[in-house]
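The structure under discussion appears below in the form of structure tokens.
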Amino acid sequence: MLVDAVRAEGFRLSKNRTALFWSLAFVPIISVMIGTITNFVLKGSETRILGDTRMPPELKEALARGTLDMAGALVAAAGNLANPLVLLFVLIGAATLYAGDYRWETWRLISARNSRPNLLLGKLAVVAGLALAAMAFMLVAAVVENLIKAAVFERTLTFSMTGEMFGRFLGFAGLSWLRIVQFTMMGMLAAVVTRSLLAALFIPLVVGIAQFFSPQMLMPMGVLPDAWLSVLVNPGAAAEAAQAVIEGGARAAVQPDGLVLKAWVSLALWTLGPLTLALAWFPRQDLSKE
């Protein structure tokens, strides 16, 4: 049963403390450390920054001694949960799940206890949970970072979460979760096709880098950034377009007509496409040749 597969994969991942550390704890720890150092550096340069008219207003605003709205900080943090570092380090845990049985030659032991689609879907369910846990750790890190910021700059804390802000928070979090899961889908397909842990790690990275630079490659061919081809080959840009609509305001108003539909089609394609291919390939695979 699928539930048995999920429980088994979850138990196995819980015993892999190395993968859990890199996937869950490393990026939040680094974020808090960098944020703390930045706050102290800004505090030490406060007089010079405030007196320099060439400094950007955003930097001067960070030094303000007014109130710090933790609700707004949480919403902002939710919009950045699927940043490149999070994608990279969650991929470590995902690749370990997807390719671990090939590396340790354990597929033959567990494939007799459940159907192959259930085994693969069980891994996907655990990766989806891993993505949620990574997002929760990042939100905790954002709270800690802002508490340190308030202490350094002697700012008063408030928490004013309106219904509109809560809706944006849920929208940002849901979109970030989808983006993380989508990014790991290439790892699943690479693991099934190549039977290699390194391929499950590096193929999504190579594809992701190529997707990032795709606008620069397509523009000389006359393909605009909001064209179907540009959006379909770049799920990262598609996620940004969807996030702009969730944010609303001026950022949503400047989005070209029809871009949102293209964005959701792109995200669905890069999520369901690799999953479908992996589910089609895996049952036909000879696991006796590991």
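For the structure tokens, the naming scheme is as follows: chains receive sequential letters (A, B, ...) according to their order of presentation, residues are indexed from 1 within each chain, and ligands are indexed from 1 in presentation order.
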Using only C-alpha atoms, which protein or nucleic acid residues come within 12 Å of stretch 269-275 of chain A? Drop anything in the same chain fewer than 4 positions from it, and give the result as a PDB file with C-alpha atoms, in the first residue's frame.
ATOM      1  CA  TYR A  98      15.309   8.731  -5.114  1.00  0.00           C
ATOM      2  CA  PRO A 117       4.452   2.838  -8.497  1.00  0.00           C
ATOM      3  CA  LEU A 120       8.137   5.697  -6.140  1.00  0.00           C
ATOM      4  CA  LEU A 121       5.111   7.701  -5.009  1.00  0.00           C
ATOM      5  CA  LYS A 123       9.427   8.607  -2.022  1.00  0.00           C
ATOM      6  CA  LEU A 124       7.705  11.588  -3.644  1.00  0.00           C
ATOM      7  CA  TRP A 177       6.396  24.407  -1.934  1.00  0.00           C
ATOM      8  CA  LEU A 178       5.333  23.654  -5.510  1.00  0.00           C
ATOM      9  CA  ARG A 179       8.542  25.156  -6.880  1.00  0.00           C
ATOM     10  CA  ILE A 180      10.721  23.058  -4.541  1.00  0.00           C
ATOM     11  CA  VAL A 181       8.869  19.838  -5.390  1.00  0.00           C
ATOM     12  CA  GLN A 182       8.985  20.690  -9.099  1.00  0.00           C
ATOM     13  CA  PHE A 183      12.757  21.212  -8.943  1.00  0.00           C
ATOM     14  CA  THR A 184      13.272  17.781  -7.370  1.00  0.00           C
ATOM     15  CA  MET A 185      11.206  16.047 -10.082  1.00  0.00           C
ATOM     16  CA  MET A 186      14.164  16.109 -12.464  1.00  0.00           C
ATOM     17  CA  GLY A 187      16.141  14.361  -9.722  1.00  0.00           C
ATOM     18  CA  MET A 188      13.552  11.590  -9.568  1.00  0.00           C
ATOM     19  CA  LEU A 189      13.630  11.069 -13.338  1.00  0.00           C
ATOM     20  CA  ALA A 190      17.433  11.197 -13.451  1.00  0.00           C
ATOM     21  CA  ALA A 191      17.702   8.667 -10.608  1.00  0.00           C
ATOM     22  CA  VAL A 192      15.314   6.206 -12.272  1.00  0.00           C
ATOM     23  CA  VAL A 193      16.865   6.469 -15.739  1.00  0.00           C
ATOM     24  CA  PRO A 204      18.642  19.053 -12.067  1.00  0.00           C
ATOM     25  CA  VAL A 207      18.991  21.869 -16.282  1.00  0.00           C
ATOM     26  CA  GLY A 208      18.212  24.621 -13.770  1.00  0.00           C
ATOM     27  CA  GLN A 211      16.733  27.354 -17.715  1.00  0.00           C
ATOM     28  CA  VAL A 231       7.852  30.496 -20.181  1.00  0.00           C
ATOM     29  CA  LEU A 232       7.524  26.775 -20.883  1.00  0.00           C
ATOM     30  CA  VAL A 233      11.269  26.129 -20.790  1.00  0.00           C
ATOM     31  CA  ASN A 234      11.812  28.218 -17.638  1.00  0.00           C
ATOM     32  CA  PRO A 235       9.706  27.147 -14.625  1.00  0.00           C
ATOM     33  CA  GLY A 236      11.703  29.501 -12.400  1.00  0.00           C
ATOM     34  CA  ALA A 238       7.006  30.976 -14.374  1.00  0.00           C
ATOM     35  CA  ALA A 239       7.061  30.811 -10.566  1.00  0.00           C
ATOM     36  CA  LYS A 262       1.550  30.173 -19.350  1.00  0.00           C
ATOM     37  CA  ALA A 263       3.240  30.176 -15.939  1.00  0.00           C
ATOM     38  CA  TRP A 264       0.906  27.574 -14.439  1.00  0.00           C
ATOM     39  CA  VAL A 265       1.153  25.405 -17.545  1.00  0.00           C
ATOM     40  CA  LEU A 279       6.420   6.157 -13.264  1.00  0.00           C
ATOM     41  CA  ALA A 280       6.322   4.790 -16.815  1.00  0.00           C
ATOM     42  CA  TRP A 281      10.017   3.798 -16.851  1.00  0.00           C
ATOM     43  CA  PHE A 282      10.377   2.303 -13.379  1.00  0.00           C
TER      44      PHE A 282
END
Leaving out A:Leu81 and any residue of its chain fewer than 5 positions from it, which residues lie within 9 Å of it when counting only C-alpha atoms, given as a PyMOL selection string?
chain A and resi 86-87+134-135+138-139+172-173+176-177+180
Restrict the selected residues to N, CA, C and O atoms and save them as a PDB file, in the first residue's frame.
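What follows is the written file part_2.pdb:
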ATOM      1  N   VAL A  86      17.908  27.015  -1.007  1.00  0.00           N
ATOM      2  CA  VAL A  86      16.946  26.030  -0.512  1.00  0.00           C
ATOM      3  C   VAL A  86      16.737  24.933  -1.546  1.00  0.00           C
ATOM      4  O   VAL A  86      16.722  23.731  -1.220  1.00  0.00           O
ATOM      5  N   LEU A  87      16.585  25.311  -2.810  1.00  0.00           N
ATOM      6  CA  LEU A  87      16.414  24.320  -3.872  1.00  0.00           C
ATOM      7  C   LEU A  87      17.595  23.354  -3.914  1.00  0.00           C
ATOM      8  O   LEU A  87      17.425  22.135  -4.027  1.00  0.00           O
ATOM      9  N   ALA A 134      11.604  21.977   5.335  1.00  0.00           N
ATOM     10  CA  ALA A 134      12.644  22.957   4.999  1.00  0.00           C
ATOM     11  C   ALA A 134      12.077  24.374   5.013  1.00  0.00           C
ATOM     12  O   ALA A 134      12.732  25.317   5.496  1.00  0.00           O
ATOM     13  N   MET A 135      10.859  24.536   4.521  1.00  0.00           N
ATOM     14  CA  MET A 135      10.214  25.849   4.543  1.00  0.00           C
ATOM     15  C   MET A 135       9.954  26.306   5.976  1.00  0.00           C
ATOM     16  O   MET A 135      10.152  27.488   6.311  1.00  0.00           O
ATOM     17  N   MET A 138      13.114  27.557   7.467  1.00  0.00           N
ATOM     18  CA  MET A 138      13.466  28.870   6.931  1.00  0.00           C
ATOM     19  C   MET A 138      12.624  29.971   7.564  1.00  0.00           C
ATOM     20  O   MET A 138      13.121  31.078   7.812  1.00  0.00           O
ATOM     21  N   LEU A 139      11.359  29.681   7.833  1.00  0.00           N
ATOM     22  CA  LEU A 139      10.506  30.679   8.489  1.00  0.00           C
ATOM     23  C   LEU A 139      10.977  30.938   9.917  1.00  0.00           C
ATOM     24  O   LEU A 139      10.986  32.081  10.382  1.00  0.00           O
ATOM     25  N   PHE A 172       2.177  32.582  -1.156  1.00  0.00           N
ATOM     26  CA  PHE A 172       3.626  32.508  -1.321  1.00  0.00           C
ATOM     27  C   PHE A 172       4.158  31.148  -0.860  1.00  0.00           C
ATOM     28  O   PHE A 172       5.002  30.535  -1.531  1.00  0.00           O
ATOM     29  N   ALA A 173       3.675  30.685   0.296  1.00  0.00           N
ATOM     30  CA  ALA A 173       4.156  29.409   0.837  1.00  0.00           C
ATOM     31  C   ALA A 173       3.769  28.248  -0.085  1.00  0.00           C
ATOM     32  O   ALA A 173       4.592  27.363  -0.355  1.00  0.00           O
ATOM     33  N   SER A 176       5.916  28.383  -3.199  1.00  0.00           N
ATOM     34  CA  SER A 176       7.297  27.974  -2.889  1.00  0.00           C
ATOM     35  C   SER A 176       7.390  26.458  -2.747  1.00  0.00           C
ATOM     36  O   SER A 176       8.347  25.838  -3.232  1.00  0.00           O
ATOM     37  N   TRP A 177       6.402  25.872  -2.081  1.00  0.00           N
ATOM     38  CA  TRP A 177       6.396  24.407  -1.934  1.00  0.00           C
ATOM     39  C   TRP A 177       6.323  23.727  -3.291  1.00  0.00           C
ATOM     40  O   TRP A 177       7.058  22.771  -3.562  1.00  0.00           O
ATOM     41  N   ILE A 180       9.710  23.975  -5.078  1.00  0.00           N
ATOM     42  CA  ILE A 180      10.721  23.058  -4.541  1.00  0.00           C
ATOM     43  C   ILE A 180      10.462  21.636  -5.032  1.00  0.00           C
ATOM     44  O   ILE A 180      11.382  20.944  -5.493  1.00  0.00           O
TER      45      ILE A 180
END
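Counting only C-alpha atoms and comparing A:Ala99, A:Met70, A:Leu109, A:Leu119, the residue that lies closest to A:Arg155 is A:Met70.
The environment of A:Met165 within 10 Å, counting only C-alpha atoms and disregarding residues fewer than 6 places along the same chain, consists of Ala71, Gly72, Leu74, Val75, Ala76, Gly171 and Glu247 of chain A.
Once A:Pro225 and its same-chain neighbours fewer than 3 positions away are set aside, Ser214, Pro215, Gln216, Leu218, Met219, Gly222, Trp228, Leu229, Ser230, Val231, Asn234, Ala237 and Leu259 of chain A remain within 10 Å of it when counting only C-alpha atoms.
Put simply, atom CA of A:Leu157 is 9.0 Å away from atom CA of A:Gly66.
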Surrounding residues of A:Asp257 excluding itself and chain neighbours under 3 positions, 12 Å, only C-alpha atoms, as a ChimeraX atom specification
/A:226-228,241,245,252-254,260-263
If you count only C-alpha atoms, the residue of A:Arg251, A:Leu2, A:Gly174, A:Asp101 closest to A:Asn114 turns out to be A:Leu2
Compare A:Val223, A:Ser196, A:Glu240, A:Ala150 by their minimum atom-to-atom distance to A:Gly35, counting only C-alpha atoms, and give me the closest one.
A:Ala150
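Proximity of A:Thr194, A:Asn83, A:Ser111, A:Ser31 to A:Val143, computed with only C-alpha atoms, is greatest for A:Ser31.
Interatomic distance, atom CA of A:Gln243 to atom CA of A:Gly79: 7.6 Å.
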Skip stretch 9-17 of chain A itself and residues of its chain fewer than 4 positions away, then list as a ChimeraX atom specification all residues within 8 Å of it, counting only C-alpha atoms.
/A:5,21,97,122-123,126
Alpha helix (DSSP H) call set, DSSP backbone run, stretch 63-214 of chain A, as a PyMOL selection string
chain A and resi 70-78+84-103+107-110+116-152+163-194+197-212+214
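Distance-wise, atom CA of A:Ala131 and atom CA of A:Ser160 end up 27.2 Å apart.
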